[in-house]
Structure formats: structure tokens, C-alpha cells
>>> print(open('upload00.cif').read())   # mmCIF, C-alpha atoms
data_coords
loop_
_atom_site.label_atom_id
_atom_site.label_comp_id
_atom_site.auth_asym_id
_atom_site.auth_seq_id
_atom_site.Cartn_x
_atom_site.Cartn_y
_atom_site.Cartn_z
CA MET A 1 26.75 25.51 -40.59
CA GLY A 2 25.98 28.38 -38.26
CA ALA A 3 26.62 28.17 -34.57
CA GLN A 4 22.96 28.75 -33.85
CA ILE A 5 21.71 25.78 -35.83
CA ARG A 6 24.28 23.56 -34.18
CA GLU A 7 23.09 24.71 -30.79
CA TYR A 8 19.45 23.95 -31.62
CA ARG A 9 20.24 20.53 -33.04
CA GLN A 10 22.16 19.66 -29.89
CA ARG A 11 19.20 20.66 -27.74
CA ILE A 12 16.87 18.52 -29.84
CA ARG A 13 19.15 15.52 -29.42
CA SER A 14 19.35 15.89 -25.67
CA VAL A 15 15.61 16.45 -25.24
CA SER A 16 14.75 13.40 -27.32
CA ALA A 17 17.10 11.29 -25.19
CA THR A 18 15.26 12.50 -22.08
CA LYS A 19 11.96 11.81 -23.77
CA LYS A 20 12.94 8.20 -24.37
CA ILE A 21 13.70 7.78 -20.67
CA THR A 22 10.49 9.38 -19.45
CA ARG A 23 8.45 7.41 -21.96
CA ALA A 24 10.02 4.16 -20.71
CA MET A 25 9.29 5.11 -17.10
CA GLU A 26 5.72 5.96 -17.99
CA LEU A 27 5.16 2.58 -19.58
CA MET A 28 6.78 0.76 -16.68
CA ALA A 29 4.67 2.61 -14.12
CA ALA A 30 1.56 1.92 -16.20
CA SER A 31 2.13 -1.82 -16.20
CA ARG A 32 3.06 -1.91 -12.51
CA VAL A 33 0.07 0.10 -11.38
CA VAL A 34 -2.20 -2.60 -12.75
CA ARG A 35 -0.39 -5.19 -10.67
CA ALA A 36 -0.48 -2.93 -7.60
CA GLN A 37 -4.24 -2.49 -7.96
CA GLN A 38 -4.58 -6.24 -8.22
CA ALA A 39 -2.56 -6.65 -5.01
CA VAL A 40 -4.98 -4.31 -3.24
CA ARG A 41 -7.89 -6.41 -4.48
CA GLU A 42 -6.25 -9.69 -3.51
CA SER A 43 -5.74 -8.55 0.05
CA THR A 44 -9.42 -7.78 0.63
CA PRO A 45 -10.66 -11.35 1.34
CA TYR A 46 -8.21 -11.52 4.24
CA ALA A 47 -9.22 -8.13 5.58
CA ARG A 48 -12.89 -9.02 5.25
CA ALA A 49 -12.49 -12.36 7.07
CA LEU A 50 -10.56 -10.67 9.87
CA THR A 51 -13.09 -7.85 10.24
CA ARG A 52 -15.91 -10.38 10.38
CA ALA A 53 -14.16 -12.40 13.04
CA VAL A 54 -13.27 -9.37 15.16
CA SER A 55 -16.82 -8.05 15.02
CA ALA A 56 -18.10 -11.52 15.95
CA VAL A 57 -16.00 -11.46 19.10
CA ALA A 58 -16.95 -7.87 19.81
CA THR A 59 -20.67 -8.64 19.43
CA PHE A 60 -20.80 -11.68 21.67
CA SER A 61 -18.51 -10.77 24.47
CA ASN A 62 -17.75 -7.67 26.42
CA GLU A 63 -14.06 -8.22 26.33
CA ASP A 64 -11.91 -5.18 26.84
CA HIS A 65 -8.56 -5.34 25.21
CA PRO A 66 -5.54 -3.07 25.68
CA LEU A 67 -5.50 -2.38 21.94
CA THR A 68 -9.07 -1.09 21.88
CA THR A 69 -9.01 0.92 25.09
CA GLU A 70 -8.75 4.67 24.81
CA LYS A 71 -6.12 6.05 27.12
CA GLU A 72 -7.33 8.84 29.34
CA ASN A 73 -4.29 11.02 29.16
CA VAL A 74 -2.70 10.99 25.73
CA ARG A 75 0.82 12.36 25.95
CA ARG A 76 2.72 10.73 23.14
CA ALA A 77 1.27 10.15 19.68
CA ALA A 78 2.95 8.08 16.99
CA VAL A 79 2.67 9.23 13.38
CA VAL A 80 3.41 6.68 10.67
CA ILE A 81 4.24 8.37 7.35
CA ILE A 82 4.13 6.25 4.22
CA THR A 83 6.02 7.77 1.28
CA SER A 84 7.88 6.45 -1.74
CA ASP A 85 11.49 5.38 -2.03
CA ARG A 86 12.12 7.17 -5.30
CA GLY A 87 11.15 10.49 -6.75
CA LEU A 88 9.92 11.34 -10.25
CA ALA A 89 6.36 10.84 -9.12
CA GLY A 90 5.13 14.40 -9.23
CA ALA A 91 3.84 15.75 -5.94
CA TYR A 92 3.20 12.27 -4.49
CA SER A 93 5.67 12.30 -1.61
CA SER A 94 5.49 16.00 -0.91
CA SER A 95 1.72 15.95 -0.55
CA VAL A 96 1.93 13.10 1.96
CA LEU A 97 4.62 14.98 3.87
CA LYS A 98 2.56 18.17 3.79
CA GLU A 99 -0.43 16.30 5.20
CA SER A 100 1.77 14.79 7.90
CA GLU A 101 3.12 18.23 8.85
CA ARG A 102 -0.44 19.44 9.30
CA LEU A 103 -1.22 16.44 11.52
CA VAL A 104 1.96 16.92 13.55
CA ALA A 105 1.13 20.59 14.09
CA ARG A 106 -2.39 19.70 15.20
CA LEU A 107 -1.17 17.04 17.63
CA ARG A 108 1.40 19.46 19.07
CA GLU A 109 -1.33 22.03 19.59
CA GLU A 110 -3.25 19.44 21.58
CA GLY A 111 -0.19 19.17 23.80
CA LYS A 112 0.96 15.77 22.57
CA GLU A 113 4.50 14.77 21.90
CA VAL A 114 4.85 13.42 18.36
CA VAL A 115 6.88 10.29 17.59
CA PRO A 116 7.39 9.77 13.84
CA TYR A 117 7.75 6.35 12.22
CA LEU A 118 8.90 6.66 8.63
CA LEU A 119 8.36 4.43 5.62
CA GLY A 120 10.10 5.18 2.34
CA ARG A 121 13.37 6.96 1.63
CA LYS A 122 11.66 10.27 0.81
CA ALA A 123 10.28 10.65 4.34
CA ILE A 124 13.59 9.56 5.87
CA GLY A 125 15.45 12.09 3.75
CA PHE A 126 12.98 14.81 4.71
CA TYR A 127 13.53 14.17 8.42
CA ARG A 128 17.29 13.66 8.17
CA PHE A 129 17.76 16.90 6.21
CA ARG A 130 15.93 18.83 8.91
CA ARG A 131 17.81 16.96 11.64
CA ARG A 132 14.60 15.84 13.27
CA GLU A 133 14.33 12.84 15.53
CA PHE A 134 12.31 9.81 14.51
CA ALA A 135 11.60 6.48 16.17
CA ALA A 136 11.96 4.03 13.32
CA GLU A 137 12.49 3.82 9.58
CA TRP A 138 11.76 1.24 6.92
CA SER A 139 12.59 1.57 3.25
CA GLY A 140 13.33 -0.37 0.10
CA ASP A 141 9.97 -1.74 -1.00
CA SER A 142 7.57 1.15 -1.39
CA GLU A 143 6.57 0.09 -4.89
CA LYS A 144 5.84 -3.50 -4.03
CA PRO A 145 5.17 -3.91 -0.32
CA THR A 146 5.37 -7.36 1.18
CA PHE A 147 3.26 -8.61 4.02
CA GLU A 148 6.42 -9.38 6.00
CA ARG A 149 7.23 -5.67 6.03
CA ALA A 150 3.69 -4.81 7.15
CA ARG A 151 4.00 -7.35 9.94
CA GLU A 152 7.33 -5.89 11.02
CA VAL A 153 5.80 -2.40 11.20
CA GLY A 154 2.65 -3.67 12.90
CA GLU A 155 4.51 -5.60 15.56
CA ARG A 156 6.69 -2.61 16.36
CA LEU A 157 3.67 -0.32 16.66
CA VAL A 158 1.70 -2.73 18.83
CA ALA A 159 4.74 -3.25 21.08
CA ASP A 160 5.22 0.50 21.49
CA PHE A 161 1.52 1.03 22.05
CA VAL A 162 1.34 -1.57 24.80
CA GLN A 163 4.41 -0.19 26.54
CA SER A 164 3.80 2.46 29.17
CA THR A 165 4.33 6.05 28.12
CA ASP A 166 7.15 6.63 30.57
CA ASP A 167 9.24 3.87 29.01
CA GLY A 168 9.03 5.33 25.54
CA GLY A 169 5.65 3.90 24.60
CA VAL A 170 2.96 5.79 22.70
CA ASP A 171 -0.69 6.42 23.53
CA GLU A 172 -2.13 6.55 20.05
CA VAL A 173 -1.02 5.78 16.51
CA HIS A 174 -1.90 7.74 13.37
CA VAL A 175 -1.08 6.73 9.82
CA VAL A 176 -0.61 9.18 6.95
CA PHE A 177 -0.79 7.52 3.55
CA THR A 178 -2.22 8.10 0.09
CA ARG A 179 -5.54 6.50 -0.66
CA PHE A 180 -5.91 5.19 -4.18
CA VAL A 181 -9.31 6.41 -5.35
CA THR A 182 -9.00 6.06 -9.12
CA MET A 183 -6.20 6.18 -11.65
CA VAL A 184 -6.43 9.99 -11.70
CA THR A 185 -7.33 10.70 -8.07
CA GLN A 186 -5.17 9.80 -5.11
CA GLU A 187 -5.68 11.59 -1.83
CA PRO A 188 -3.41 11.86 1.16
CA GLU A 189 -5.32 10.64 4.16
CA VAL A 190 -4.91 10.32 7.92
CA ILE A 191 -6.35 7.42 9.86
CA ARG A 192 -6.09 6.67 13.54
CA LEU A 193 -4.87 3.10 13.80
CA LEU A 194 -4.62 2.61 17.57
CA PRO A 195 -6.54 2.42 19.82
CA LEU A 196 -8.53 0.31 17.40
CA GLU A 197 -12.03 1.05 16.33
CA VAL A 198 -13.40 -1.88 14.43
CA VAL A 199 -14.94 -0.24 11.42
CA GLU A 200 -17.25 -2.55 9.60
CA GLY A 201 -17.93 -0.08 6.83
CA ALA A 202 -18.81 -1.79 3.60
CA GLU A 203 -18.14 -5.21 5.09
CA ALA A 204 -21.05 -5.17 7.53
CA PRO A 205 -22.97 -8.42 7.31
CA ALA A 206 -26.39 -8.14 5.72
CA ALA A 207 -29.32 -7.81 8.08
CA ASP A 208 -30.75 -11.21 7.20
CA GLU A 209 -27.60 -13.11 8.03
CA LEU A 210 -27.19 -12.52 11.72
CA LEU A 211 -23.85 -13.44 13.13
CA PRO A 212 -24.23 -16.88 14.68
CA LEU A 213 -23.58 -17.53 18.33
CA TYR A 214 -20.00 -18.62 18.14
CA ASP A 215 -18.09 -20.96 20.39
CA PHE A 216 -14.74 -19.43 21.09
CA GLU A 217 -11.78 -21.63 21.49
CA PRO A 218 -9.82 -21.33 23.77
CA GLY A 219 -11.91 -18.34 24.99
CA PRO A 220 -13.13 -14.96 23.77
CA SER A 221 -10.26 -13.02 25.32
CA GLN A 222 -7.60 -15.31 23.88
CA VAL A 223 -9.25 -15.18 20.47
CA LEU A 224 -9.27 -11.39 20.65
CA ASP A 225 -5.65 -11.46 21.78
CA ALA A 226 -4.72 -13.40 18.67
CA LEU A 227 -6.94 -11.46 16.29
CA LEU A 228 -6.28 -7.82 17.08
CA PRO A 229 -2.55 -7.70 16.29
CA LYS A 230 -3.35 -9.42 13.00
CA TYR A 231 -6.02 -6.84 12.36
CA VAL A 232 -3.47 -4.07 12.89
CA ASN A 233 -1.05 -5.76 10.49
CA ALA A 234 -3.77 -6.11 7.88
CA ARG A 235 -4.71 -2.44 8.17
CA ILE A 236 -1.09 -1.40 7.73
CA PHE A 237 -0.67 -3.77 4.80
CA ASN A 238 -3.73 -2.27 3.15
CA CYS A 239 -2.36 1.26 3.65
CA MET A 240 0.97 0.25 2.16
CA LEU A 241 -0.66 -1.38 -0.86
CA GLN A 242 -2.84 1.66 -1.52
CA ALA A 243 0.18 3.91 -1.16
CA ALA A 244 2.12 1.77 -3.64
CA ALA A 245 -0.68 1.92 -6.20
CA SER A 246 -0.96 5.68 -5.70
CA GLU A 247 2.78 6.13 -6.09
CA LEU A 248 2.81 4.27 -9.38
CA ALA A 249 -0.23 6.12 -10.70
CA ALA A 250 1.36 9.45 -9.72
CA ARG A 251 4.60 8.44 -11.42
CA GLN A 252 2.79 7.43 -14.57
CA ARG A 253 1.04 10.80 -14.71
CA ALA A 254 4.22 12.75 -13.98
CA MET A 255 6.15 10.86 -16.64
CA LYS A 256 3.35 11.28 -19.16
CA SER A 257 3.41 15.05 -18.78
CA ALA A 258 7.23 15.01 -18.92
CA THR A 259 7.05 13.14 -22.22
CA ASP A 260 4.46 15.57 -23.55
CA ASN A 261 6.62 18.51 -22.55
CA ALA A 262 9.64 16.96 -24.25
CA GLU A 263 7.63 16.58 -27.44
CA GLU A 264 6.59 20.20 -27.22
CA LEU A 265 10.19 21.29 -26.74
CA ILE A 266 11.41 19.23 -29.66
CA LYS A 267 8.77 20.81 -31.86
CA LYS A 268 9.77 24.28 -30.74
CA TYR A 269 13.48 23.70 -31.28
CA THR A 270 12.88 22.15 -34.68
CA ARG A 271 11.00 25.28 -35.73
CA LEU A 272 13.79 27.49 -34.44
CA ALA A 273 16.42 25.38 -36.17
CA ASN A 274 14.52 25.57 -39.47
CA GLN A 275 14.13 29.29 -39.09
CA ALA A 276 17.84 29.70 -38.42
CA ARG A 277 18.70 27.56 -41.43
CA GLN A 278 16.37 29.52 -43.67
CA ALA A 279 17.78 32.82 -42.43
CA GLU A 280 21.28 31.61 -43.22
CA ILE A 281 20.29 30.60 -46.75
CA THR A 282 18.55 33.92 -47.33
CA GLN A 283 21.61 35.73 -46.16
CA GLU A 284 23.88 33.70 -48.43
CA ILE A 285 21.66 34.37 -51.44
CA SER A 286 21.56 38.08 -50.77
CA GLU A 287 25.32 38.07 -50.36
CA ILE A 288 25.74 36.32 -53.70
CA VAL A 289 23.25 38.60 -55.40
CA GLY A 290 24.89 41.62 -53.85
CA GLY A 291 28.35 40.36 -54.89
CA ALA A 292 27.21 39.67 -58.46
CA SER A 293 25.62 43.07 -58.92
CA ALA A 294 28.71 44.76 -57.48
CA LEU A 295 30.83 42.88 -60.03
CA ALA A 296 28.43 43.85 -62.86
CA GLU A 297 28.55 47.49 -61.88
CA SER A 298 32.33 47.60 -61.75
CA LYS A 299 32.68 46.35 -65.33
CA MET B 1 -24.38 -31.42 2.51
CA ALA B 2 -20.85 -30.26 2.14
CA LEU B 3 -18.70 -27.62 3.71
CA GLN B 4 -17.91 -24.42 1.84
CA VAL B 5 -14.25 -23.88 2.55
CA GLU B 6 -12.33 -20.69 2.00
CA LEU B 7 -8.59 -20.57 2.64
CA VAL B 8 -7.26 -17.03 2.84
CA ALA B 9 -3.74 -15.68 3.23
CA ALA B 10 -2.82 -12.04 3.85
CA ASP B 11 -1.97 -11.31 0.24
CA ARG B 12 -4.27 -13.66 -1.65
CA LYS B 13 -7.14 -16.10 -1.55
CA VAL B 14 -5.43 -19.46 -1.67
CA TRP B 15 -8.30 -21.82 -2.27
CA GLU B 16 -12.06 -21.97 -2.26
CA GLY B 17 -14.31 -24.92 -2.76
CA GLU B 18 -16.41 -27.69 -1.32
CA ALA B 19 -15.05 -30.19 1.11
CA SER B 20 -16.50 -32.99 3.19
CA GLN B 21 -14.17 -32.59 6.13
CA VAL B 22 -11.56 -30.19 7.49
CA SER B 23 -9.01 -30.97 10.11
CA ALA B 24 -6.75 -28.45 11.78
CA ARG B 25 -4.69 -27.99 14.87
CA SER B 26 -5.94 -25.34 17.24
CA THR B 27 -4.00 -24.06 20.21
CA GLU B 28 -5.97 -26.54 22.32
CA GLY B 29 -5.37 -29.59 20.19
CA ASP B 30 -6.42 -31.26 16.96
CA LEU B 31 -9.85 -30.40 15.69
CA GLY B 32 -12.04 -31.92 13.02
CA VAL B 33 -14.93 -30.17 11.33
CA LEU B 34 -17.73 -32.05 9.61
CA PRO B 35 -20.89 -30.62 8.02
CA GLY B 36 -23.35 -29.47 10.67
CA HIS B 37 -20.68 -28.33 13.08
CA GLN B 38 -21.78 -25.68 15.51
CA PRO B 39 -20.56 -22.11 14.93
CA MET B 40 -17.07 -21.76 16.22
CA LEU B 41 -14.12 -19.40 16.11
CA CYS B 42 -10.82 -20.89 17.10
CA VAL B 43 -7.21 -19.83 17.14
CA LEU B 44 -4.95 -22.09 15.12
CA ALA B 45 -1.50 -23.23 16.10
CA GLU B 46 1.33 -23.31 13.62
CA GLY B 47 1.00 -26.51 11.67
CA GLU B 48 -0.92 -28.36 9.02
CA VAL B 49 -4.50 -27.92 7.93
CA ARG B 50 -6.01 -30.80 6.02
CA ILE B 51 -9.01 -30.43 3.76
CA GLU B 52 -10.84 -33.36 2.22
CA ALA B 53 -12.10 -32.35 -1.18
CA GLY B 54 -11.84 -35.38 -3.41
CA GLY B 55 -8.64 -36.50 -1.72
CA TRP B 56 -6.81 -34.84 1.14
CA LYS B 57 -5.17 -31.51 0.54
CA THR B 58 -2.58 -30.47 3.06
CA VAL B 59 -1.39 -26.92 3.63
CA THR B 60 0.88 -25.40 6.25
CA VAL B 61 -0.21 -22.28 8.12
CA ASP B 62 1.67 -20.05 10.55
CA GLY B 63 -1.13 -19.76 13.07
CA GLY B 64 -4.17 -17.69 12.25
CA PHE B 65 -7.73 -18.70 12.96
CA MET B 66 -10.63 -20.72 11.66
CA SER B 67 -14.27 -19.77 11.75
CA VAL B 68 -17.17 -22.13 11.18
CA ASP B 69 -20.75 -21.04 10.71
CA HIS B 70 -23.61 -22.59 8.76
CA ASP B 71 -21.22 -25.02 7.10
CA ARG B 72 -19.03 -22.19 5.90
CA VAL B 73 -15.45 -22.66 6.99
CA THR B 74 -12.99 -19.80 6.70
CA ILE B 75 -9.36 -20.52 7.43
CA VAL B 76 -7.32 -17.37 7.75
CA ALA B 77 -3.57 -17.14 8.23
CA GLU B 78 -0.98 -14.48 7.54
CA SER B 79 1.01 -16.87 5.43
CA VAL B 80 -0.18 -20.11 3.91
CA ASP B 81 2.21 -22.58 2.34
CA ALA B 82 0.20 -24.56 -0.16
CA PRO B 83 2.27 -26.43 -2.72
CA GLY B 84 0.30 -27.27 -5.84
CA MET B 85 -2.88 -25.45 -4.87
CA GLY B 86 -3.40 -22.65 -7.30
CA SER B 87 -6.82 -21.04 -7.39
#
>>> encode(input="upload00.cif", output="C-alpha cells")
Amino acid sequence: MGAQIREYRQRIRSVSATKKITRAMELMAASRVVRAQQAVRESTPYARALTRAVSAVATFSNEDHPLTTEKENVRRAAVVIITSDRGLAGAYSSSVLKESERLVARLREEGKEVVPYLLGRKAIGFYRFRRREFAAEWSGDSEKPTFERAREVGERLVADFVQSTDDGGVDEVHVVFTRFVTMVTQEPEVIRLLPLEVVEGAEAPAADELLPLYDFEPGPSQVLDALLPKYVNARIFNCMLQAAASELAARQRAMKSATDNAEELIKKYTRLANQARQAEITQEISEIVGGASALAESK
Amino acid sequence: MALQVELVAADRKVWEGEASQVSARSTEGDLGVLPGHQPMLCVLAEGEVRIEAGGWKTVTVDGGFMSVDHDRVTIVAESVDAPGMGS
């Protein structure tokens, strides 16, 4: 067998091994993305109940709370970047990081000092490689975020927000994450988490069901005190869940195109191998024919 | 007239249904809710919440809050420990 055919066959073998791996990853991501979407859905009753309660307090009392008060002089801004732990998800992590770089540049232009908080090994690696400072890191569960992790992040952010700027506190908190729009569209997005604006959005109560005049126990300010940190945690949890669903959808797409490419390559190499084999046979035949006629002539 | 009770944790809706009475511990002390209770929003302490819906159901919450309006009771906690209460 010719060296060329052997070479092609080897390539085919290696590409089909890769194809098996990418196919398996595609299927795994496909089944997990369904579960991740379900997790996003299951967290909405909580978010809705919290939003309702917070807007009830906000409607019936004029309580000011440190978490909702805009600071006059914003000097330090926290940026929370939610990326994945693992690669092989196409441009997922890099598009979040690109968006965060834009935000950081904008904040710097406004004369604010930026304090990064990183979620996911990709963001941590990005900052470590460039030897940049960051305030905190969390990693290990980007695909399947737990509420405990969201609470950890939320408590840290609220603590830093409440602290005065001179002691290493921050004046506002931004979150960069990927919003899961549909299976084929996921968009990197920036939201300002703190100071809080209670956005009712789609959850606004219908006009005919006015919010009742609530009794607050122990009192409106204490209720707000208890609610707002939970609201922050819920927002972060929602961002993490959306990011997880986006990551899995991006991975599924990336692995699907990798599998398709592998198929294409296998087809191409098979053609080349066949061509090489045919060329070899043709050559052998012409050698035999040439040899035979040479023998006949010499007789 | 019964209470419409909804029990919600951060990552799932734990239970939803009708009940005739709900009892919980707020930061101020124990609190019972019967149908016709006035609208209220209270902060819960860590502890048990008991719901009477054809027998008492007991769940453990880690704080959170409870809102009551028009006989709709929503109990919200970051984590709810509810053995044997699948929804």
C-alpha cells in the first residue's frame, strides 16, 4: 500500500475519533440545556413573589434604604463577570469578556475605579494571564449554579456596597452576563444591580388588582431590610441561571458544527484516499501492460 | 372560604393548594392566619411553618417572609425543607 493512502486512512481514523467526542458533547449539552431552562423557569415564582413584596413596601411607605440610595459621588464601581468554567462553547466566554471590557473602559472614562468580581474559570484565567487585580473569584459550578453560590456572591456584594468607599467598599455594582433569549440567540448583557431599582417589568400587578394596604410586621423599614438583600440574591441567581443555559446552548451549537466539520473532513479524506488507491492501481496496470509489451517486442 | 397558599423556595415552587389555617413564626412571635385575615407582610424567623390542608403539614424555613392578601398566602424563603411534599 502506498504511503499516501496510509496517511489518508490515518487522518480519517483520527477525525472520526474526534467526531465521536464532539457528538457526545453535543448530546450532553442538548440534554442539560433543557434542564437549565427548566431551572430558570422554576426560579421565577420566587422572583415574582419577592418583586411583589418589595413593590408593596415601596408603594406604601417612603422608606429610604441604603441599598436603593444613589450615591452622589461614585468613585469605585464593581463589575461582576459571569463566564463559564470550561471552554468548547464557541464564543460564549469571549463575548462576555468583550462586553465586560467595553463596560470597564466606559466606567474608567467616567473617572471610576473598577473592581472586578469574577465567576467562572474562564474569567479568572483571563484576568490572571493579564496580571490584573480582582476583588473576588468563584468557580466550579457555572453549568449548574446553586442558590447557595448566588447567596454567597450576593452577600459579598451587599457587604462591599454598604461599606464606605475609603475602606474598600464600592459605590455601584454592574453585572455582565449572557441572557438566554432562545436556543439560537444568547446575548451578552450589562445590568446595574446596585443601587437597586425595583423593576416591575412584566410582573406588574394588573390594574384591577390594586395592592392592598398591608400591615408590616415588625415595621416597613425592617421588612425592607430583610427583603432587599434577598432581592439582590435572587437577581444574581437569575443571572447565573440564564448564563448557565446560554453556556450550554452555545456549547451545543459549537459541538454541532464541530461534528459537521468532522463529517465533511472524513468525506474529503475518503475521496482523496480512493483517488490515491485508484491512481496506484492504474499505475500498476500500466506497468504490467508496459512490461508485457516490452517482453513481446523482445521475442 | 379557604386560604390559597403558595410556598416558594428560591429554586422551586414547593407547594400550592388550599388550606384552612397557616401558622408561622415571625420575628415578633408566633402568628396564625385564618381566612379573612387582613393584608399583612411579615418577616419570618428561622423555624417551622405549619399549614392545615387536610391534616397539618410542617415545613422548615430559613427565614424569609409571608404575605397575606385577600386570602392569598405566599410564604417565601430562600431554602425550604419540606420532607414528603412534592408538588
>>> atom_distance(input="upload00.cif", atom1="atom CA of Ala273 of chain A", atom2="atom CA of Thr18 of chain A")
19.1 Å
>>> resolve_selection(input="upload00.cif", expression="the PyMOL selection byres ((chain A and resi 82) around 9)", output="JSON, numbers by chain")
{"A": [80, 81, 83, 84, 93, 96, 97, 117, 118, 119, 120, 123, 142, 175, 176, 177, 178, 239, 240, 243]}
>>> atom_distance(input="upload00.cif", atom1="atom CA of Ala17 of chain A", atom2="atom CA of Thr259 of chain A")
10.6 Å
>>> atom_distance(input="upload00.cif", atom1="atom CA of Val104 of chain A", atom2="atom CA of Val74 of chain A")
14.3 Å
>>> closest_residue(input="upload00.cif", among="A:Glu247, A:Asp171, A:Asp260, A:Glu284", to="Lys112 of chain A", atoms="all atoms listed in the file")
A:Asp171
>>> closest_residue(input="upload00.cif", among="A:Val162, A:Ile5, A:Leu67, A:Leu227", to="Ala77 of chain B", atoms="only C-alpha atoms")
A:Leu227
>>> interface_residues(input="upload00.cif", of="chain B", to="chain A", cutoff="7 Å", atoms="all atoms listed in the file", output="NGL selection string")
:B and (8-13 or 28 or 39-43 or 69 or 76)
>>> residues_around(input="upload00.cif", residues="Ser23 of chain B", least_positions_apart="2", cutoff="9 Å", atoms="all atoms listed in the file", output="VMD selection string")
chain B and resid 21 25 30 to 34 48 to 52
>>> resolve_selection(input="upload00.cif", expression="the PyMOL selection byres ((chain A and resi 6-16) around 9)", output="ChimeraX atom specification")
/A:1-5,17-21,262-263,265-267,269-270,272-273
>>> closest_residue(input="upload00.cif", among="A:Lys122, A:His174, A:Arg76, A:Lys256", to="Ala24 of chain A", atoms="all atoms listed in the file")
A:Lys256
>>> resolve_selection(input="upload00.cif", expression="the PyMOL selection byres ((chain A and resi 35) around 12)", output="list in words")
Met28, Ala29, Ala30, Ser31, Arg32, Val33, Val34, Ala36, Gln37, Gln38, Ala39, Val40, Arg41, Glu42, Glu143, Lys144, Pro145, Leu241, Gln242, Ala244, Ala245, Ser246, Leu248 and Ala249 of chain A
>>> closest_residue(input="upload00.cif", among="B:Val59, B:Ala53, B:Leu3, B:Ala19", to="Ala82 of chain B", atoms="all atoms listed in the file")
B:Val59
>>> closest_residue(input="upload00.cif", among="A:Arg253, A:Arg235, A:Glu187, A:Val170", to="Lys71 of chain A", atoms="all atoms listed in the file")
A:Val170
>>> decode(input="upload00.cif", residues="segment 245-265 of chain A", atoms="N, CA and C atoms", output="PDB file, in the first residue's frame")
ATOM      1  N   ALA A 245     -27.717  28.424  31.153  1.00  0.00           N
ATOM      2  CA  ALA A 245     -28.485  27.953  29.998  1.00  0.00           C
ATOM      3  C   ALA A 245     -27.827  28.412  28.700  1.00  0.00           C
ATOM      4  N   SER A 246     -27.338  29.663  28.692  1.00  0.00           N
ATOM      5  CA  SER A 246     -26.686  30.184  27.494  1.00  0.00           C
ATOM      6  C   SER A 246     -25.415  29.407  27.188  1.00  0.00           C
ATOM      7  N   GLU A 247     -24.658  29.119  28.259  1.00  0.00           N
ATOM      8  CA  GLU A 247     -23.401  28.386  28.066  1.00  0.00           C
ATOM      9  C   GLU A 247     -23.676  27.040  27.396  1.00  0.00           C
ATOM     10  N   LEU A 248     -24.680  26.330  27.923  1.00  0.00           N
ATOM     11  CA  LEU A 248     -24.965  25.006  27.386  1.00  0.00           C
ATOM     12  C   LEU A 248     -25.473  25.081  25.954  1.00  0.00           C
ATOM     13  N   ALA A 249     -26.298  26.093  25.675  1.00  0.00           N
ATOM     14  CA  ALA A 249     -26.805  26.242  24.305  1.00  0.00           C
ATOM     15  C   ALA A 249     -25.647  26.563  23.358  1.00  0.00           C
ATOM     16  N   ALA A 250     -24.733  27.434  23.820  1.00  0.00           N
ATOM     17  CA  ALA A 250     -23.576  27.782  22.983  1.00  0.00           C
ATOM     18  C   ALA A 250     -22.696  26.557  22.754  1.00  0.00           C
ATOM     19  N   ARG A 251     -22.533  25.741  23.800  1.00  0.00           N
ATOM     20  CA  ARG A 251     -21.708  24.546  23.650  1.00  0.00           C
ATOM     21  C   ARG A 251     -22.364  23.576  22.686  1.00  0.00           C
ATOM     22  N   GLN A 252     -23.663  23.438  22.794  1.00  0.00           N
ATOM     23  CA  GLN A 252     -24.345  22.506  21.890  1.00  0.00           C
ATOM     24  C   GLN A 252     -24.133  22.938  20.441  1.00  0.00           C
ATOM     25  N   ARG A 253     -24.282  24.252  20.185  1.00  0.00           N
ATOM     26  CA  ARG A 253     -24.107  24.743  18.826  1.00  0.00           C
ATOM     27  C   ARG A 253     -22.679  24.535  18.344  1.00  0.00           C
ATOM     28  N   ALA A 254     -21.710  24.870  19.221  1.00  0.00           N
ATOM     29  CA  ALA A 254     -20.305  24.741  18.832  1.00  0.00           C
ATOM     30  C   ALA A 254     -19.976  23.287  18.505  1.00  0.00           C
ATOM     31  N   MET A 255     -20.490  22.374  19.340  1.00  0.00           N
ATOM     32  CA  MET A 255     -20.172  20.965  19.138  1.00  0.00           C
ATOM     33  C   MET A 255     -20.890  20.415  17.915  1.00  0.00           C
ATOM     34  N   LYS A 256     -22.066  20.956  17.628  1.00  0.00           N
ATOM     35  CA  LYS A 256     -22.776  20.514  16.430  1.00  0.00           C
ATOM     36  C   LYS A 256     -21.969  20.891  15.195  1.00  0.00           C
ATOM     37  N   SER A 257     -21.453  22.122  15.149  1.00  0.00           N
ATOM     38  CA  SER A 257     -20.714  22.500  13.944  1.00  0.00           C
ATOM     39  C   SER A 257     -19.382  21.759  13.895  1.00  0.00           C
ATOM     40  N   ALA A 258     -18.803  21.429  15.067  1.00  0.00           N
ATOM     41  CA  ALA A 258     -17.570  20.639  15.054  1.00  0.00           C
ATOM     42  C   ALA A 258     -17.834  19.257  14.462  1.00  0.00           C
ATOM     43  N   THR A 259     -18.961  18.660  14.851  1.00  0.00           N
ATOM     44  CA  THR A 259     -19.313  17.341  14.322  1.00  0.00           C
ATOM     45  C   THR A 259     -19.534  17.410  12.812  1.00  0.00           C
ATOM     46  N   ASP A 260     -20.242  18.453  12.381  1.00  0.00           N
ATOM     47  CA  ASP A 260     -20.485  18.622  10.943  1.00  0.00           C
ATOM     48  C   ASP A 260     -19.172  18.769  10.180  1.00  0.00           C
ATOM     49  N   ASN A 261     -18.266  19.565  10.741  1.00  0.00           N
ATOM     50  CA  ASN A 261     -16.975  19.749  10.092  1.00  0.00           C
ATOM     51  C   ASN A 261     -16.203  18.438  10.003  1.00  0.00           C
ATOM     52  N   ALA A 262     -16.283  17.649  11.087  1.00  0.00           N
ATOM     53  CA  ALA A 262     -15.578  16.365  11.085  1.00  0.00           C
ATOM     54  C   ALA A 262     -16.122  15.477   9.983  1.00  0.00           C
ATOM     55  N   GLU A 263     -17.452  15.477   9.831  1.00  0.00           N
ATOM     56  CA  GLU A 263     -18.056  14.673   8.777  1.00  0.00           C
ATOM     57  C   GLU A 263     -17.545  15.101   7.401  1.00  0.00           C
ATOM     58  N   GLU A 264     -17.501  16.401   7.234  1.00  0.00           N
ATOM     59  CA  GLU A 264     -17.033  16.974   5.973  1.00  0.00           C
ATOM     60  C   GLU A 264     -15.604  16.525   5.673  1.00  0.00           C
ATOM     61  N   LEU A 265     -14.762  16.591   6.718  1.00  0.00           N
ATOM     62  CA  LEU A 265     -13.360  16.197   6.572  1.00  0.00           C
ATOM     63  C   LEU A 265     -13.233  14.729   6.212  1.00  0.00           C
TER      64      LEU A 265
END
